[in-house]
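Below is the file work-v9.cif, which contains mmCIF, C-alpha atoms.
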```cif
data_final
loop_
_atom_site.label_atom_id
_atom_site.label_comp_id
_atom_site.auth_asym_id
_atom_site.auth_seq_id
_atom_site.Cartn_x
_atom_site.Cartn_y
_atom_site.Cartn_z
CA MET W 1 0.00 0.00 0.00
CA SER W 2 1.39 3.43 -0.97
CA LEU W 3 2.07 6.15 1.60
CA LYS W 4 -0.61 8.29 -0.01
CA SER W 5 -3.20 5.51 0.24
CA MET W 6 -2.28 4.91 3.86
CA THR W 7 -2.61 8.60 4.61
CA ILE W 8 -6.03 8.81 2.97
CA ARG W 9 -7.13 5.89 5.13
CA VAL W 10 -5.93 7.78 8.19
CA ILE W 11 -7.91 10.83 7.09
CA LEU W 12 -11.06 8.80 6.59
CA CYS W 13 -10.56 7.18 9.98
CA VAL W 14 -10.35 10.59 11.58
CA TYR W 15 -13.55 11.65 9.80
CA VAL W 16 -15.31 8.81 11.57
CA CYS W 17 -13.66 9.58 14.90
CA THR W 18 -14.46 13.26 14.82
CA GLY W 19 -17.98 13.05 13.50
CA LEU W 20 -17.43 15.15 10.42
CA VAL W 21 -18.49 12.74 7.74
CA ILE W 22 -21.36 14.26 5.84
CA SER W 23 -24.35 12.20 6.85
CA PRO W 24 -28.06 12.18 6.00
CA HIS W 25 -30.34 14.31 8.13
CA ALA W 26 -30.96 12.57 11.44
CA HIS W 27 -34.31 13.19 13.08
CA ALA W 28 -34.96 12.85 16.78
CA LYS W 29 -36.35 9.60 18.10
CA LYS W 30 -39.55 9.31 20.07
CA CYS W 31 -39.11 10.18 23.76
CA THR W 32 -40.89 8.14 26.43
CA ALA W 33 -39.37 9.68 29.60
CA LYS W 34 -41.31 11.88 32.02
CA TYR W 35 -39.27 14.95 31.03
CA CYS W 36 -38.32 15.17 27.36
CA PHE W 37 -36.04 17.95 26.15
CA LYS W 38 -35.64 18.64 22.43
CA LEU W 39 -32.12 19.72 21.51
CA ALA W 40 -30.35 20.40 18.22
CA SER W 41 -26.78 20.28 16.96
CA LEU W 42 -24.82 20.63 13.74
CA ALA W 43 -22.98 17.41 14.62
CA PRO W 44 -23.94 14.30 12.62
CA LYS W 45 -25.65 11.47 14.43
CA SER W 46 -23.79 8.58 16.10
CA ILE W 47 -20.20 9.70 15.46
CA GLY W 48 -17.79 12.24 16.93
CA TRP W 49 -19.44 14.75 19.27
CA ALA W 50 -22.76 12.92 19.07
CA LYS W 51 -21.10 9.58 19.82
CA HIS W 52 -19.43 10.98 22.94
CA ILE W 53 -22.70 12.51 24.13
CA ASP W 54 -24.47 9.19 23.64
CA GLU W 55 -21.77 7.11 25.34
CA ILE W 56 -20.81 9.47 28.19
CA ILE W 57 -23.46 12.12 28.84
CA HIS W 58 -26.66 10.14 28.26
CA PRO W 59 -25.87 7.28 30.71
CA ALA W 60 -24.81 9.82 33.34
CA LEU W 61 -28.03 11.77 32.83
CA ASN W 62 -30.03 8.57 33.15
CA ARG W 63 -28.35 7.81 36.50
CA ALA W 64 -28.72 11.39 37.72
CA THR W 65 -32.46 11.51 37.04
CA GLN W 66 -33.48 7.86 37.54
CA GLY W 67 -34.25 7.72 33.83
CA HIS W 68 -36.89 10.45 34.04
CA VAL W 69 -35.06 13.05 31.90
CA GLU W 70 -34.24 12.32 28.30
CA LEU W 71 -32.53 14.41 25.64
CA ASN W 72 -34.23 14.08 22.29
CA TRP W 73 -31.70 15.25 19.69
CA PHE W 74 -32.05 16.66 16.20
CA TRP W 75 -28.61 15.97 14.71
CA GLY W 76 -26.92 17.02 11.51
CA GLY W 77 -28.24 20.57 11.30
CA VAL W 78 -31.81 19.57 10.50
CA MET W 79 -32.98 22.44 12.73
CA GLY W 80 -30.72 24.95 11.02
CA ASN W 81 -27.62 26.65 12.43
CA ASP W 82 -26.70 28.16 15.80
CA LYS W 83 -28.65 31.34 15.12
CA ASP W 84 -31.72 29.29 14.20
CA TYR W 85 -31.42 27.28 17.41
CA ILE W 86 -31.56 30.45 19.49
CA GLN W 87 -34.71 31.61 17.72
CA LYS W 88 -36.35 28.18 18.10
CA MET W 89 -35.46 28.10 21.81
CA LYS W 90 -37.14 31.47 22.27
CA ILE W 91 -40.43 30.22 20.85
CA GLY W 92 -40.29 26.81 22.54
CA GLN W 93 -39.67 24.75 19.43
CA LEU W 94 -36.39 23.62 21.01
CA HIS W 95 -35.46 23.31 24.67
CA GLY W 96 -31.73 23.55 24.08
CA ALA W 97 -28.79 23.09 21.75
CA ALA W 98 -25.14 22.10 21.53
CA PHE W 99 -23.54 25.30 20.23
CA SER W 100 -20.34 25.86 18.29
CA GLY W 101 -17.90 28.51 19.52
CA GLN W 102 -19.69 31.12 17.43
CA GLY W 103 -23.07 29.99 18.75
CA VAL W 104 -21.93 30.18 22.37
CA VAL W 105 -21.21 33.89 21.93
CA LEU W 106 -24.47 34.47 20.04
CA ALA W 107 -26.38 32.94 22.95
CA CYS W 108 -24.27 34.53 25.71
CA PRO W 109 -22.13 37.45 24.42
CA GLU W 110 -20.26 37.70 27.72
CA MET W 111 -18.56 34.38 26.99
CA ALA W 112 -16.67 36.14 24.19
CA VAL W 113 -14.09 37.01 26.85
CA LEU W 114 -12.89 33.40 26.64
CA GLU W 115 -12.04 33.84 22.95
CA LEU W 116 -9.65 36.79 23.30
CA PRO W 117 -6.53 36.13 21.19
CA PHE W 118 -3.64 34.56 23.08
CA LEU W 119 -5.56 34.61 26.36
CA PHE W 120 -4.79 31.00 27.27
CA ASN W 121 -1.56 29.07 26.80
CA ASP W 122 -2.99 25.56 27.12
CA TYR W 123 -5.97 23.48 28.22
CA GLU W 124 -4.68 23.33 31.79
CA GLU W 125 -5.30 27.07 32.04
CA VAL W 126 -8.72 26.71 30.43
CA ASP W 127 -9.68 24.01 32.93
CA TYR W 128 -8.47 26.11 35.84
CA ILE W 129 -10.57 29.09 34.74
CA ARG W 130 -13.58 26.84 34.18
CA ASN W 131 -13.32 25.49 37.70
CA LYS W 132 -12.77 28.92 39.23
CA MET W 133 -15.37 30.84 37.22
CA ILE W 134 -18.13 28.38 36.37
CA SER W 135 -20.49 30.11 38.81
CA THR W 136 -19.66 33.49 37.26
CA PHE W 137 -20.47 32.27 33.76
CA ASP W 138 -23.56 30.48 35.10
CA ARG W 139 -24.90 33.88 36.16
CA TYR W 140 -24.28 35.48 32.78
CA VAL W 141 -25.80 32.53 30.91
CA GLU W 142 -28.86 32.55 33.17
CA LYS W 143 -29.37 36.28 32.60
CA ARG W 144 -29.65 35.40 28.92
CA GLY W 145 -32.38 32.86 29.72
CA TYR W 146 -30.36 29.62 29.58
CA LYS W 147 -28.72 27.05 31.81
CA LEU W 148 -25.15 25.96 31.04
CA ILE W 149 -25.13 22.15 31.17
CA VAL W 150 -21.80 21.25 29.53
CA TRP W 151 -18.91 23.59 28.73
CA ALA W 152 -16.60 21.80 26.30
CA ASP W 153 -14.05 22.88 23.69
CA GLN W 154 -14.12 23.60 19.98
CA ASP W 155 -10.30 23.75 19.86
CA PHE W 156 -7.32 26.02 20.12
CA ASP W 157 -7.87 27.25 16.56
CA GLN W 158 -5.00 27.44 14.08
CA ILE W 159 -4.13 29.60 11.04
CA TYR W 160 -4.53 27.92 7.63
CA SER W 161 -3.28 29.33 4.33
CA VAL W 162 -3.20 28.42 0.66
CA LYS W 163 -0.29 30.69 -0.35
CA HIS W 164 1.49 32.27 2.61
CA LYS W 165 3.38 30.63 5.46
CA MET W 166 1.80 32.98 8.02
CA ASP W 167 4.98 32.89 10.07
CA ARG W 168 5.43 36.69 10.02
CA LEU W 169 3.15 39.57 10.94
CA GLU W 170 3.49 41.01 7.43
CA ASP W 171 1.87 37.87 6.01
CA PHE W 172 -1.48 38.97 7.47
CA SER W 173 -1.56 41.94 5.09
CA LYS W 174 -0.66 39.71 2.12
CA ALA W 175 -3.20 36.95 2.74
CA ARG W 176 -6.89 37.26 1.86
CA PHE W 177 -8.50 36.12 5.09
CA LEU W 178 -12.10 34.99 5.28
CA THR W 179 -13.88 35.81 8.53
CA TRP W 180 -17.02 34.02 9.72
CA TYR W 181 -16.59 33.89 13.47
CA GLY W 182 -18.01 37.25 14.46
CA HIS W 183 -16.94 40.71 15.51
CA MET W 184 -13.91 39.72 17.57
CA GLU W 185 -12.29 37.72 14.76
CA HIS W 186 -12.86 40.56 12.29
CA LYS W 187 -11.33 43.02 14.75
CA LEU W 188 -8.32 40.78 15.36
CA LEU W 189 -7.56 40.28 11.68
CA THR W 190 -7.92 43.99 10.97
CA THR W 191 -5.57 44.81 13.86
CA LEU W 192 -2.99 42.40 12.43
CA GLY W 193 -3.09 44.20 9.08
CA SER W 194 -5.54 42.06 7.12
CA SER W 195 -8.57 43.21 5.15
CA PRO W 196 -10.82 40.24 5.94
CA VAL W 197 -13.74 39.20 3.75
CA PRO W 198 -16.89 38.47 5.83
CA VAL W 199 -18.72 35.27 4.87
CA ASN W 200 -21.24 32.90 6.42
CA VAL W 201 -19.83 29.60 7.67
CA THR W 202 -21.53 27.76 4.79
CA GLU W 203 -19.69 30.02 2.34
CA VAL W 204 -16.19 29.36 3.69
CA SER W 205 -15.40 26.21 1.69
CA PRO W 206 -16.62 27.45 -1.72
CA SER W 207 -14.93 30.81 -1.11
CA ILE W 208 -11.57 29.12 -0.51
CA LEU W 209 -12.03 26.79 -3.47
CA GLN W 210 -13.00 29.68 -5.77
CA GLY W 211 -10.12 31.89 -4.62
CA VAL W 212 -12.26 34.52 -2.92
CA GLY W 213 -10.06 33.99 0.13
CA ASP W 214 -6.88 32.05 0.79
CA ALA W 215 -6.54 31.99 4.59
CA LEU W 216 -8.61 31.60 7.74
CA ILE W 217 -8.56 30.84 11.44
CA ALA W 218 -10.30 27.54 12.17
CA PRO W 219 -10.31 24.36 14.29
CA ALA W 220 -8.58 21.29 12.89
CA ILE W 221 -11.72 19.19 13.03
CA TRP W 222 -13.60 21.63 10.83
CA VAL W 223 -10.78 21.90 8.29
CA ILE W 224 -10.53 18.16 7.88
CA GLY W 225 -14.29 17.67 7.83
CA SER W 226 -14.77 20.30 5.12
CA GLN W 227 -11.88 18.70 3.17
CA LEU W 228 -10.13 22.06 2.89
CA TYR W 229 -6.91 20.33 3.99
CA LEU W 230 -6.72 19.32 0.31
CA LYS W 231 -6.55 23.01 -0.68
CA PHE W 232 -4.45 24.49 2.10
CA LYS W 233 -0.66 24.28 1.89
CA TYR W 234 0.39 25.73 5.26
CA VAL W 235 -0.80 25.62 8.85
CA ASN W 236 0.59 27.78 11.62
CA PRO W 237 -0.26 25.80 14.78
CA VAL W 238 0.03 28.86 17.03
CA GLN W 239 -2.81 28.78 19.55
CA ILE W 240 -4.21 32.10 18.44
CA ARG W 241 -7.64 31.57 20.00
CA TYR W 242 -9.39 29.23 22.38
CA SER W 243 -12.97 28.49 21.34
CA PRO W 244 -15.51 26.98 23.73
CA THR W 245 -18.52 24.91 22.82
CA ALA W 246 -21.46 24.38 25.15
CA VAL W 247 -24.81 22.73 25.70
CA PHE W 248 -27.45 25.23 26.86
CA VAL W 249 -31.08 24.56 27.76
CA THR W 250 -33.71 27.21 28.40
CA MET W 251 -34.33 28.21 32.01
CA GLU W 252 -37.98 27.30 31.54
CA ALA W 253 -37.00 23.72 30.65
CA TRP W 254 -34.39 23.60 33.42
CA ASN W 255 -36.83 24.73 36.09
CA SER W 256 -39.44 22.22 34.95
CA ILE W 257 -37.53 19.27 36.45
CA PRO W 258 -37.21 18.47 40.18
CA GLU W 259 -34.50 20.25 42.15
CA SER W 260 -32.82 16.96 43.10
CA TYR W 261 -32.37 16.14 39.41
CA ARG W 262 -30.90 19.58 38.75
CA ARG W 263 -28.33 19.10 41.51
CA ASN W 264 -27.34 15.72 40.13
CA ILE W 265 -27.04 17.05 36.59
CA LEU W 266 -24.79 19.90 37.71
CA ALA W 267 -22.58 17.36 39.48
CA MET W 268 -21.94 15.80 36.07
CA ARG W 269 -20.00 18.92 35.10
CA ASN W 270 -17.19 17.86 37.45
CA LYS W 271 -17.08 14.23 36.35
CA GLU W 272 -18.59 12.99 33.10
CA ALA W 273 -18.09 16.35 31.37
CA ASN W 274 -14.36 15.99 32.03
CA GLU W 275 -14.33 12.67 30.21
CA PHE W 276 -16.32 14.21 27.36
CA ARG W 277 -13.77 17.02 27.01
CA LYS W 278 -10.92 14.51 27.02
CA LYS W 279 -12.46 12.63 24.10
CA THR W 280 -13.15 15.73 22.02
CA ARG W 281 -9.60 17.01 22.59
CA GLU W 282 -8.26 13.69 21.40
CA ASP W 283 -10.40 14.04 18.27
CA SER W 284 -8.92 17.47 17.57
CA LYS W 285 -5.37 16.15 17.86
CA LYS W 286 -6.15 13.21 15.58
CA SER W 287 -7.50 15.62 12.99
CA PHE W 288 -4.44 17.87 13.09
CA ASP W 289 -1.96 14.97 13.01
CA ALA W 290 -3.78 13.35 10.08
CA MET W 291 -3.62 16.54 8.00
CA VAL W 292 0.09 16.94 8.65
CA LYS W 293 0.66 13.31 7.75
CA TYR W 294 -1.24 13.90 4.54
CA GLY W 295 1.10 16.75 3.59
CA LEU W 296 -0.02 20.00 5.20
CA LYS W 297 3.17 21.93 6.02
CA ILE W 298 3.69 23.28 9.53
CA SER W 299 4.95 26.85 9.54
CA GLU W 300 5.85 28.32 12.94
CA MET W 301 6.79 31.84 14.00
CA ASN W 302 10.12 32.50 15.66
CA PRO W 303 9.87 33.79 19.27
CA GLU W 304 10.47 37.41 18.28
CA GLU W 305 7.82 37.38 15.55
CA LEU W 306 5.34 35.57 17.78
CA ASN W 307 5.83 38.13 20.52
CA HIS W 308 5.17 40.88 17.95
CA VAL W 309 1.90 39.24 16.87
CA ARG W 310 0.90 38.76 20.51
CA GLN W 311 1.51 42.43 21.29
CA GLU W 312 -0.56 43.57 18.32
CA SER W 313 -3.37 41.15 19.20
CA ARG W 314 -3.37 42.31 22.80
CA LYS W 315 -4.61 45.74 21.66
CA ILE W 316 -8.14 44.46 21.11
CA TRP W 317 -8.50 43.25 24.71
CA ASP W 318 -9.00 46.72 26.10
CA GLU W 319 -11.04 47.83 23.09
CA MET W 320 -13.55 45.05 23.60
CA ALA W 321 -13.69 45.15 27.40
CA GLY W 322 -16.69 47.22 28.41
CA ASN W 323 -18.23 46.86 24.96
CA ASP W 324 -18.42 43.22 23.95
CA PHE W 325 -18.23 41.95 27.53
CA PRO W 326 -17.98 43.57 30.98
CA LYS W 327 -14.52 44.83 31.92
CA GLU W 328 -14.92 43.38 35.41
CA LEU W 329 -15.38 39.94 33.85
CA LEU W 330 -12.02 40.21 32.10
CA ASP W 331 -10.44 41.55 35.30
CA GLU W 332 -11.73 38.58 37.29
CA LEU W 333 -10.49 36.12 34.70
CA LEU W 334 -7.02 37.68 34.52
CA THR W 335 -6.72 37.72 38.31
CA HIS W 336 -7.34 33.97 38.47
CA LEU W 337 -5.10 33.31 35.48
CA ASN W 338 -2.21 35.29 36.94
CA GLN W 339 -2.58 33.45 40.25
CA TYR W 340 -2.43 30.12 38.44
CA ARG W 341 0.63 31.10 36.44
CA SER W 342 2.46 32.44 39.48
CA ARG W 343 1.94 29.13 41.29
CA ALA W 344 2.94 27.10 38.23
CA LYS W 345 6.37 28.74 37.98
#
```

As structure tokens, please, write out the structure in this file.
Amino acid sequence: MSLKSMTIRVILCVYVCTGLVISPHAHAKKCTAKYCFKLASLAPKSIGWAKHIDEIIHPALNRATQGHVELNWFWGGVMGNDKDYIQKMKIGQLHGAAFSGQGVVLACPEMAVLELPFLFNDYEEVDYIRNKMISTFDRYVEKRGYKLIVWADQDFDQIYSVKHKMDRLEDFSKARFLTWYGHMEHKLLTTLGSSPVPVNVTEVSPSILQGVGDALIAPAIWVIGSQLYLKFKYVNPVQIRYSPTAVFVTMEAWNSIPESYRRNILAMRNKEANEFRKKTREDSKKSFDAMVKYGLKISEMNPEELNHVRQESRKIWDEMAGNDFPKELLDELLTHLNQYRSRAK
């Protein structure tokens, strides 16, 4: 078997592992439990994210509620996108959703603070902040009318490019970046010298293939699932942005179940949710490694150049604090983060 054939097999294996194979629309099954919640997700049924939910979260929920609470999922985007889910939750057509990083911010804008460029160095820092500030984010999410059930990860997103290595700050002005992730991403790219082209997420792949854009910030799982790894030549693995994902349900649905069940479900966030995050992080690494094995070239910045990019990116922190999210929220997060880093030295 040729190296290329072996690599393609690896790629296809990762598709299955990560849940990014394009699958037929998957409708929700009939629910027979006492409390039935209808939720939606872009993830295809039975693989990847959905597989981990079914194997880890569902059994834990069954134990926590004596089988009286059931999640009735609409997989594969049959209920639309993140924005559609929010609208359907408002009118009661859905009780909740598993949101992408973009959807998390649409539902709870204050959580945008987590996506500031170069805020976190690694997942250990993310986990520390989650443990320290989960009650703080609970309050913000509840003010928006939702309950935060699971806070997971989209990825530490990377920089992908068709033409430029993206290992120097000046490359940002040369590349034609697409932006789909919202205001913060657009602001970041502009600050770094780019003139980004706004598109919807469904337009990203055709725009890259047609040459409308030649670079973007994205998670490895998405790049491999959209098959854009076949078009991109370079990846800068710099952890430019942490992106959360989350499962939210409406407060009306949350308050409809007994208090004892709610306590047990929240306890899952310190146990089964950890296992769920571990699995999804493994999926992300498999995706990245498979693309590199296929031929995507890693292009890294030298320390001086990286520090330059960090300094430029840091400018948007203060610009966004007080506008996109409360300044006191950023202050609280940085206080905890600095304490963690000082102890880790």

Per residue of stretch 225-266 of chain W within 8 Å of stretch 118-126 of chain W, what are the shortest atom pair and its distance in Å to one decimal, counting only C-alpha atoms, with rows by chain and residue number, as JSON lines?
```
{"residue": "W:Gln239", "atom": "CA", "partner": "W:Phe118", "partner_atom": "CA", "distance": 6.8}
{"residue": "W:Ile240", "atom": "CA", "partner": "W:Phe118", "partner_atom": "CA", "distance": 5.3}
{"residue": "W:Arg241", "atom": "CA", "partner": "W:Phe118", "partner_atom": "CA", "distance": 5.9}
{"residue": "W:Tyr242", "atom": "CA", "partner": "W:Phe120", "partner_atom": "CA", "distance": 6.9}
```

Check: What is the atom CA of W:Ile86-atom CA of W:Met111 distance in Å, reported with one decimal?
Finding: 15.5 Å

Next item on the list: Grab the atom CA of W:Phe232 to atom CA of W:Thr202 distance for me, in Å with one decimal place.
Entry: 17.6 Å

Give me, as a PDB file with C-alpha atoms, in the coordinates of the input, all polymer residues having an atom no more than 7 Å from stretch 322-337 of chain W, counting all atoms listed in the file and skipping those fewer than 4 positions away in the same chain.
```pdb
ATOM      1  CA  PRO W 109     -22.130  37.450  24.420  1.00  0.00           C
ATOM      2  CA  GLU W 110     -20.260  37.700  27.720  1.00  0.00           C
ATOM      3  CA  ALA W 112     -16.670  36.140  24.190  1.00  0.00           C
ATOM      4  CA  VAL W 113     -14.090  37.010  26.850  1.00  0.00           C
ATOM      5  CA  ILE W 129     -10.570  29.090  34.740  1.00  0.00           C
ATOM      6  CA  ARG W 341       0.630  31.100  36.440  1.00  0.00           C
TER       7      ARG W 341
END
```

Next item on the list: Report as a PyMOL selection string the full result of the PyMOL selection byres ((chain W and resi 182) around 9) when it is applied to this structure.
Entry: chain W and resi 102+105-106+179-181+183-187+198

Next item on the list: Show which residues sit within 6 Å of stretch 249-253 of chain W, as a count of residues only. Count only C-alpha atoms, and ignore same-chain residues fewer than 3 positions away.
Entry: 6

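All residues of protein, DNA or RNA that reach within 12 Å of W:Leu266, judged by only C-alpha atoms and not counting those fewer than 2 positions away in the chain, are W:Ile57, W:Ala60, W:Leu61, W:Ala64, W:Thr65, W:Ile134, W:Ser135, W:Asp138, W:Lys147, W:Leu148, W:Ile149, W:Val150, W:Trp151, W:Trp254, W:Glu259, W:Ser260, W:Tyr261, W:Arg262, W:Arg263, W:Asn264, W:Met268, W:Arg269, W:Asn270, W:Lys271, W:Glu272, W:Ala273.
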
Selection result for the PyMOL selection byres ((chain W and resi 297) around 6) on this file, as a PDB file with C-alpha atoms, keeping the file's coordinate frame:
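What landed in part.pdb:
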```pdb
ATOM      1  CA  TYR W 234       0.390  25.730   5.260  1.00  0.00           C
ATOM      2  CA  LEU W 296      -0.020  20.000   5.200  1.00  0.00           C
ATOM      3  CA  ILE W 298       3.690  23.280   9.530  1.00  0.00           C
TER       4      ILE W 298
END
```

Item checked: Atom-to-atom span, atom CA of W:Ile53 and atom CA of W:Met89, Å -> 20.3 Å

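If all atoms listed in the file are the atoms counted, then among W:Ala246, W:Ile159, W:Ala33, W:Leu116 the closest residue to W:Gln66 is W:Ala33.
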
To test your reading of the syntax: which residues would the PyMOL selection byres ((chain W and resi 77) around 9) return for the file shown? Reply as a PDB file with C-alpha atoms, keeping the file's coordinate frame.
```pdb
ATOM      1  CA  HIS W  25     -30.340  14.310   8.130  1.00  0.00           C
ATOM      2  CA  ALA W  26     -30.960  12.570  11.440  1.00  0.00           C
ATOM      3  CA  ALA W  40     -30.350  20.400  18.220  1.00  0.00           C
ATOM      4  CA  SER W  41     -26.780  20.280  16.960  1.00  0.00           C
ATOM      5  CA  LEU W  42     -24.820  20.630  13.740  1.00  0.00           C
ATOM      6  CA  ALA W  43     -22.980  17.410  14.620  1.00  0.00           C
ATOM      7  CA  PRO W  44     -23.940  14.300  12.620  1.00  0.00           C
ATOM      8  CA  PHE W  74     -32.050  16.660  16.200  1.00  0.00           C
ATOM      9  CA  TRP W  75     -28.610  15.970  14.710  1.00  0.00           C
ATOM     10  CA  GLY W  76     -26.920  17.020  11.510  1.00  0.00           C
ATOM     11  CA  VAL W  78     -31.810  19.570  10.500  1.00  0.00           C
ATOM     12  CA  MET W  79     -32.980  22.440  12.730  1.00  0.00           C
ATOM     13  CA  GLY W  80     -30.720  24.950  11.020  1.00  0.00           C
ATOM     14  CA  ASN W  81     -27.620  26.650  12.430  1.00  0.00           C
ATOM     15  CA  ASP W  82     -26.700  28.160  15.800  1.00  0.00           C
TER      16      ASP W  82
END
```
